[in-house]
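Participant: Starting off with a structure, shown below.
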Amino acid sequence: MKDRFNSFDAFDESDASFDDFEQAIPLMSEEEERELTESIIPEELPILPLKNTVLFPGVVVPITVGRDRSLALVKEAYAGDKIIGVVTQKKEDVENPEAKDLHTVGTMARIIKLIKMPDGSKSIVIQGKSGFEVEEFVQSDPYFKAKVKAYPKEMDIQGVELDASIRNIKETATRIINLSPNIPSEATIAVNNINSPTFLLNFISSNLNVSIGEKQELLEIQKFSKNLNKVMEFLEQEVEVLNMSEKIRTKVKSDIDDQQREFYLRQQMKAIQEELGEDAEQQEVEKLKEKLAKKKLPEHAKEEAEKELRRLEMTPNASPNYGIIHSYVEWILDLPWEEYSEDKLDLKFAKKVLDEDHYGLEKVKKRIIEYLAVLKLKQDMKAPILCFYGPPGVGKTSLGKSIARALNREFERFSLGGIRDEAEIRGHRRTYIGALPGRIIRAMKKAGKGNPVIMLDEIDKVGADYRGDPTSALLEVLDPEQNDTFSDNYLELEYDLSKVLFIATANSLDTIPAPLRDRMEIINISGYTLEEKTEIAKKYLIPKQVKENGLKDEQISIDGKAIQKVIDEYTRESGVRNLERQIAGVTRGVAAKVAAGEIEKFEVTEDDVEEFLGKQKFFSDAAERTIVPGVATGLAWTPFGGDILFIEASVSKGSGKLNITGQLGEVMKESAMLAISYLKAHADKVGIPEEAFKYWDLHIHVPAGAVPKDGPSAGVSLMSAIASIFTQRKVKGSIALTGEITLRGLVLPVGGIKEKVLAAKRAGIKQVLLPKKNEKDVAEIETDVIGDLKVDYLERMDGVLDLMLEKDSVRNPFEYFKVSDAHKSAVAGKNGKTESVTVNN
């Protein structure tokens, strides 16, 4: 139902108020009710079309009249008997209706009051009298006039049924008034004080919240019972709507009350914080806004930061999302998006810095100078991805720092050793509690610039398990074609890594997956020679340890021979890490003497080394080990640099069995069997009796049995040791060998030549035998590294024995390997007159 009487115009609805007439509660006396039902309908009535309302008998409504026809009608009627006919238009949007545009059932009305408005229009208050039906329109100008006939209501229910129906409709109307917040409570009084059933129905019908068409339908119903049921149907619908509205309003009010309570409490807390100077939440958001305004960000990052800041402002401080959003925005703002260090493109300065920090390493220095030269010519070039590969202690990590200093860039380093989770590289998604970006993005934030030098240490020691494969994540990081749009799981924004100079370090390439290895430029950093270690000790290690142990330069000096003695007798390594420890031991010993007041300064000579470092730890025993037949010196490559290994062979009477010990891998075992097969095939030429293979067991052992060994490069050494024991000719103690062998007697090339040559020099070897195809590798080794070491090359096995073995035999092999007939019979009987060779490990 409506909350007030609507005012209607013949043209449009008006909100005009009428202060000069009394709006009385619509009650009717018995006389008025009788007049309502017994009003005589004239044969003709002037017709006033209404656009958006339906007038019911007995109901009083105000009307604003604006159209010319309507004004003429009202003026003439008000001057006469004040009786008019009111009908409703079929369509509201018709401005100048014709007869066909009007309903035929309307209400006769009396004009109660006429009011002239300042704009020339007139307002009237009319009251419906009784219904009529238009028979025909007889006039259209200056206003409509029609022949009409009465259209009475048929009262088809009486007595108790009528009373019950009226009571029901009043109760329902009262419920609607109580449920609706916009209807004044006085309306209940009006409804309950209407005694006339017909007027009650008309009054409620006039104020129903239904369409004009539905109201016209109610006006046209003649039977009272049908009219009553239709009105009751509309009222019940209104009750349902209001009940639902009340339910929604109550729920919304409850939610709003909770929000208002929280808002009120927060405002109080905010006021208290402001008084105490602790309005941290808002201050923090403002700080982030100021930081964002000053920060130079790419468009996509700026949009994301602004969006998240808006979320942060609307998020309560106590919400778990507040900290997540705050941290995320801080990460975006802390990263160097378009901030770069200015490269120092001075090639001479860069060369000077690299030479100051590192001795040797010419290949690496040359590559860095080339990069700087190209960068100087082409400013927007992508940085290379370098991988320094070599044994421990040769300066791979410290070289990265020197490169950053030479380029005037920030340097960041993190170790990949033992990392097994892909999220360590790419980061965790923000849905996880405590999520962080990956190590790459963290390193960029720490560097504070978009073009640092980042060192990925120990890239060969990355693991993999059910949490993912970090090396797969590194494929994007270390690919210059992809890393300009690197996406971290935490940021979920594209970040440009193409200006970053990535330097990886590794001790071995075998454990690096091929796709990752393919993305990097491998630079081999081999071990140092004695001369290089001596220079490194003088220029870098000794000054560093003097300073770290609290001494002054004038208080200690270590001569060259003392340094060489420390290198030869107290270290055995490719790098200089252990050498630094030994020098630290010497400087601590001198520092103890100075602190005790025993001396003021000390010059460390060759004879003083033992005093500070103890007895000699390493000996050159290559010559001593080969004083008996069956021992050969081989050269091996390890992740820690080159090394020498001894191949020992011995024989004992037996049935031709082969035993191999020393934790040798399958490839080395096969090399041993190849050597035996070759010697058997060439026994006459080499001078080995047939009985040596039939009636003697051969045992091959490689010392350091706890260390696994494998690879084909020991083939030549194995054959030399086996040939030595079978020919009883000693292997020359000053010679070491390396090379793979075949059944046809070919010597194939192997790797790690520089490391093996350096290992031979450290062990005091005078001559090395290498495969002919490795001659190109030797050409790349600096002349001063080789020094007085003699290098010979082999293409076939034929000439190896004469080079390796002494000319004279210790014993005559044909005499030494003779066995008795009884032993031969025993072997024949044991083997069922068959010969076999077995391999035991």
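Residue numbering restarts at 1 in every chain; chains get A, B, ... in the order shown in the structure tokens, and ligands count up from 1 in that same order.
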Neighbouring residues of Leu530 (chain A) were defined as those with any atom within 9 Å, considering only C-alpha atoms; residues of the same chain fewer than 6 positions away were excluded. Please report them as a list in words.
Facilitator: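 Using only C-alpha atoms, the neighbours found are Gln564, Ile567, Asp568, Leu758, Lys761, Arg762 and Val785 of chain A.
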Participant: Pick out each residue of region 418-639 of chain A that DSSP on the backbone tags as strand (DSSP E or B); I need them as JSON, numbers by chain.
Facilitator: {"A": [453, 454, 455, 456, 457, 465, 468, 486, 487, 494, 495, 501, 502, 503, 504, 505, 506, 521, 522, 523, 524, 556, 557, 558, 602, 603, 604, 631, 632, 633, 634, 635, 636, 637, 638]}
Participant: Kindly save the residues from that selection, with N, CA and C atoms included, as a short mmCIF file (atom, residue, chain, number, x, y, z; two decimals), in the first residue's frame.
Facilitator:
data_model
loop_
_atom_site.label_atom_id
_atom_site.label_comp_id
_atom_site.auth_asym_id
_atom_site.auth_seq_id
_atom_site.Cartn_x
_atom_site.Cartn_y
_atom_site.Cartn_z
N VAL A 453 76.47 -8.17 -10.63
CA VAL A 453 77.12 -9.44 -10.93
C VAL A 453 76.62 -10.43 -9.89
N ILE A 454 75.95 -11.49 -10.33
CA ILE A 454 75.41 -12.50 -9.39
C ILE A 454 76.16 -13.80 -9.61
N MET A 455 76.76 -14.29 -8.54
CA MET A 455 77.52 -15.54 -8.63
C MET A 455 76.68 -16.70 -8.10
N LEU A 456 76.48 -17.70 -8.94
CA LEU A 456 75.75 -18.92 -8.56
C LEU A 456 76.80 -19.97 -8.22
N ASP A 457 77.16 -20.03 -6.95
CA ASP A 457 78.25 -20.92 -6.54
C ASP A 457 77.79 -22.36 -6.48
N ASP A 465 64.39 -33.50 -5.94
CA ASP A 465 63.55 -34.51 -5.30
C ASP A 465 62.09 -34.23 -5.64
N GLY A 468 60.61 -30.80 -6.77
CA GLY A 468 60.94 -30.19 -8.06
C GLY A 468 62.42 -30.24 -8.34
N PHE A 486 61.61 -12.86 -16.80
CA PHE A 486 61.62 -13.85 -15.73
C PHE A 486 60.42 -13.63 -14.81
N SER A 487 59.74 -14.71 -14.46
CA SER A 487 58.56 -14.61 -13.61
C SER A 487 58.78 -15.40 -12.32
N GLU A 494 56.51 -9.88 -14.56
CA GLU A 494 57.70 -10.09 -15.39
C GLU A 494 58.83 -9.18 -14.91
N TYR A 495 60.02 -9.79 -14.71
CA TYR A 495 61.17 -9.01 -14.23
C TYR A 495 62.35 -9.24 -15.19
N LEU A 501 74.89 -9.90 -14.98
CA LEU A 501 76.00 -10.77 -15.38
C LEU A 501 76.04 -11.96 -14.43
N PHE A 502 75.55 -13.09 -14.89
CA PHE A 502 75.54 -14.30 -14.07
C PHE A 502 76.85 -15.05 -14.25
N ILE A 503 77.46 -15.43 -13.14
CA ILE A 503 78.69 -16.24 -13.16
C ILE A 503 78.44 -17.46 -12.28
N ALA A 504 78.48 -18.62 -12.88
CA ALA A 504 78.32 -19.87 -12.13
C ALA A 504 79.70 -20.48 -11.88
N THR A 505 79.82 -21.25 -10.82
CA THR A 505 81.07 -21.97 -10.55
C THR A 505 80.76 -23.45 -10.37
N ALA A 506 81.69 -24.28 -10.78
CA ALA A 506 81.50 -25.74 -10.68
C ALA A 506 82.85 -26.42 -10.58
N GLU A 521 78.58 -20.33 -20.93
CA GLU A 521 79.88 -20.29 -21.59
C GLU A 521 80.90 -20.85 -20.59
N ILE A 522 81.39 -22.04 -20.85
CA ILE A 522 82.28 -22.73 -19.91
C ILE A 522 83.70 -22.18 -20.05
N ILE A 523 84.27 -21.73 -18.95
CA ILE A 523 85.67 -21.27 -18.92
C ILE A 523 86.42 -22.13 -17.90
N ASN A 524 87.37 -22.91 -18.40
CA ASN A 524 88.10 -23.83 -17.54
C ASN A 524 89.20 -23.07 -16.79
N ILE A 556 107.66 -9.19 9.76
CA ILE A 556 107.80 -10.55 9.23
C ILE A 556 108.12 -10.51 7.74
N SER A 557 108.95 -11.43 7.31
CA SER A 557 109.21 -11.64 5.89
C SER A 557 109.44 -13.13 5.66
N ILE A 558 108.94 -13.66 4.54
CA ILE A 558 109.10 -15.08 4.20
C ILE A 558 109.79 -15.14 2.84
N PHE A 602 110.98 -10.97 12.31
CA PHE A 602 111.49 -12.31 12.04
C PHE A 602 111.47 -12.56 10.53
N GLU A 603 112.56 -13.12 10.03
CA GLU A 603 112.66 -13.50 8.63
C GLU A 603 112.58 -15.02 8.53
N VAL A 604 111.53 -15.51 7.92
CA VAL A 604 111.30 -16.95 7.82
C VAL A 604 112.08 -17.49 6.63
N VAL A 631 104.91 -51.93 -10.98
CA VAL A 631 104.32 -50.68 -10.48
C VAL A 631 104.51 -49.61 -11.55
N ALA A 632 103.37 -48.98 -11.98
CA ALA A 632 103.41 -47.92 -12.99
C ALA A 632 102.74 -46.67 -12.43
N THR A 633 103.15 -45.51 -12.91
CA THR A 633 102.60 -44.24 -12.44
C THR A 633 101.62 -43.71 -13.49
N GLY A 634 100.36 -43.56 -13.07
CA GLY A 634 99.34 -43.03 -13.96
C GLY A 634 98.95 -41.60 -13.58
N LEU A 635 98.28 -40.94 -14.48
CA LEU A 635 97.78 -39.58 -14.24
C LEU A 635 96.26 -39.61 -14.25
N ALA A 636 95.67 -38.95 -13.26
CA ALA A 636 94.21 -38.99 -13.13
C ALA A 636 93.67 -37.58 -12.96
N TRP A 637 92.40 -37.43 -13.38
CA TRP A 637 91.70 -36.16 -13.16
C TRP A 637 90.62 -36.38 -12.10
N THR A 638 90.51 -35.44 -11.16
CA THR A 638 89.46 -35.47 -10.14
C THR A 638 88.80 -34.09 -10.10
#
Participant: When you look at Glu573 (chain A) with a cut-off of 10 Å (counting only C-alpha atoms), what residues show up, excluding the ones that are within fewer than 3 positions of it in the same chain? I need them as a PDB file with C-alpha atoms, in the first residue's frame.
Facilitator:
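Dumped everything to around.pdb:
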ATOM      1  CA  PRO A 391      89.183 -27.552  -8.889  1.00  0.00           C
ATOM      2  CA  PRO A 392      88.616 -25.979  -5.469  1.00  0.00           C
ATOM      3  CA  GLY A 393      90.818 -23.126  -4.282  1.00  0.00           C
ATOM      4  CA  VAL A 394      91.789 -21.695  -7.685  1.00  0.00           C
ATOM      5  CA  GLY A 527      95.264 -25.578 -11.108  1.00  0.00           C
ATOM      6  CA  TYR A 528      98.315 -23.409 -10.462  1.00  0.00           C
ATOM      7  CA  ILE A 567     104.164 -25.693  -1.369  1.00  0.00           C
ATOM      8  CA  ASP A 568     106.190 -28.873  -2.072  1.00  0.00           C
ATOM      9  CA  TYR A 570     103.113 -29.277   3.156  1.00  0.00           C
ATOM     10  CA  VAL A 576      95.948 -22.320  -2.933  1.00  0.00           C
ATOM     11  CA  ARG A 577      93.408 -22.757  -0.135  1.00  0.00           C
ATOM     12  CA  ASN A 578      95.537 -25.181   1.894  1.00  0.00           C
ATOM     13  CA  LEU A 579      98.625 -23.117   1.094  1.00  0.00           C
ATOM     14  CA  PHE A 640      89.744 -31.329  -7.072  1.00  0.00           C
ATOM     15  CA  GLY A 641      92.349 -31.159  -9.842  1.00  0.00           C
ATOM     16  CA  GLY A 642      94.877 -33.539 -11.301  1.00  0.00           C
ATOM     17  CA  ASP A 643      96.589 -36.283  -9.324  1.00  0.00           C
ATOM     18  CA  LEU A 758     100.385 -30.020 -13.285  1.00  0.00           C
ATOM     19  CA  ALA A 759      99.930 -33.090 -11.073  1.00  0.00           C
ATOM     20  CA  ARG A 762     103.949 -31.477  -8.409  1.00  0.00           C
TER      21      ARG A 762
END
Participant: Could you give me the residues within region 436-665 of chain A that DSSP places in alpha helix (DSSP H), as a ChimeraX atom specification?
Facilitator: /A:439-447,470-477,514-518,530-536,542-548,560-570,577-595,609-613,622-625
Participant: So which residues touch Thr605 (chain A) within 8 Å, counting only C-alpha atoms, skipping near sequence neighbours fewer than 6 positions away, as a PDB file with C-alpha atoms, in the first residue's frame?
Facilitator:
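To be explicit, this is the file written out as around_34.pdb:
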ATOM      1  CA  ILE A 558     109.104 -15.076   4.196  1.00  0.00           C
ATOM      2  CA  ASP A 559     111.707 -15.772   1.508  1.00  0.00           C
ATOM      3  CA  LYS A 561     112.660 -20.837  -0.854  1.00  0.00           C
ATOM      4  CA  ALA A 562     110.588 -21.054   2.310  1.00  0.00           C
TER       5      ALA A 562
END
Participant: Determine the nearest neighbour of Ala443 (chain A) from the options A:Ala109, A:Ile425, A:Leu509, A:Ile459, counting only C-alpha atoms.
Facilitator: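 Smallest separation from Ala443 (chain A) among the options: A:Ile425.
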Participant: What's around region 434-436 of chain A at 12 Å? Count only C-alpha atoms, leave out sequence neighbours fewer than 2 positions away in its own chain, and write the answer as a PyMOL selection string.
Facilitator: chain A and resi 320-321+323-325+327-328+330-331+423-432+438-442+488-492
Participant: For the selection you just gave me, I'd like the residues written to a file as an mmCIF file, in the first residue's frame, keeping C-alpha atoms.
Facilitator:
data_model
loop_
_atom_site.group_PDB
_atom_site.id
_atom_site.type_symbol
_atom_site.label_atom_id
_atom_site.label_comp_id
_atom_site.auth_asym_id
_atom_site.auth_seq_id
_atom_site.Cartn_x
_atom_site.Cartn_y
_atom_site.Cartn_z
ATOM 1 C CA PRO A 320 45.780 -11.804 8.128
ATOM 2 C CA ASN A 321 45.734 -10.405 4.580
ATOM 3 C CA GLY A 323 50.571 -8.389 6.393
ATOM 4 C CA ILE A 324 50.570 -10.394 3.137
ATOM 5 C CA ILE A 325 49.549 -7.396 1.022
ATOM 6 C CA SER A 327 54.893 -7.391 2.333
ATOM 7 C CA TYR A 328 54.019 -7.852 -1.343
ATOM 8 C CA GLU A 330 57.128 -3.602 -0.137
ATOM 9 C CA TRP A 331 58.821 -6.215 -2.332
ATOM 10 C CA ALA A 423 60.845 -22.712 -5.047
ATOM 11 C CA GLU A 424 64.318 -21.682 -3.840
ATOM 12 C CA ILE A 425 64.862 -20.308 -7.353
ATOM 13 C CA ARG A 426 61.348 -19.223 -8.360
ATOM 14 C CA GLY A 427 59.865 -18.425 -4.960
ATOM 15 C CA HIS A 428 56.646 -19.558 -3.250
ATOM 16 C CA ARG A 429 53.156 -18.467 -4.193
ATOM 17 C CA ARG A 430 51.596 -15.894 -1.866
ATOM 18 C CA THR A 431 48.888 -18.345 -0.793
ATOM 19 C CA TYR A 432 51.460 -20.020 1.495
ATOM 20 C CA GLY A 438 63.187 -16.974 -4.788
ATOM 21 C CA ARG A 439 66.896 -16.422 -4.289
ATOM 22 C CA ILE A 440 67.291 -14.626 -7.615
ATOM 23 C CA ILE A 441 64.782 -11.893 -6.730
ATOM 24 C CA ARG A 442 66.135 -11.678 -3.165
ATOM 25 C CA ASP A 488 58.868 -15.320 -9.892
ATOM 26 C CA ASN A 489 56.004 -17.269 -8.298
ATOM 27 C CA TYR A 490 55.728 -14.736 -5.470
ATOM 28 C CA LEU A 491 55.792 -11.558 -7.553
ATOM 29 C CA GLU A 492 53.860 -12.924 -10.549
#
Participant: Restricting the calculation to only C-alpha atoms: of A:Gly654, A:Pro197, A:Gly80, A:Gly417, which residue gets closest to His823 (chain A)?
Facilitator: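 Counting only C-alpha atoms, the residue closest to His823 (chain A) is A:Gly654.
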Participant: Can you tell me how far CA of Phe726 (chain A) sits from CA of Ala692 (chain A), in Å to one decimal?
Facilitator: 6.8 Å
Participant: Compile the contact shell of Phe144 (chain A) as a PyMOL selection string: residues with an atom at most 12 Å away, counting only C-alpha atoms, same-chain residues fewer than 5 positions apart removed.
Facilitator: chain A and resi 44-49+68-74+84-87+96-100+102+134+136-139
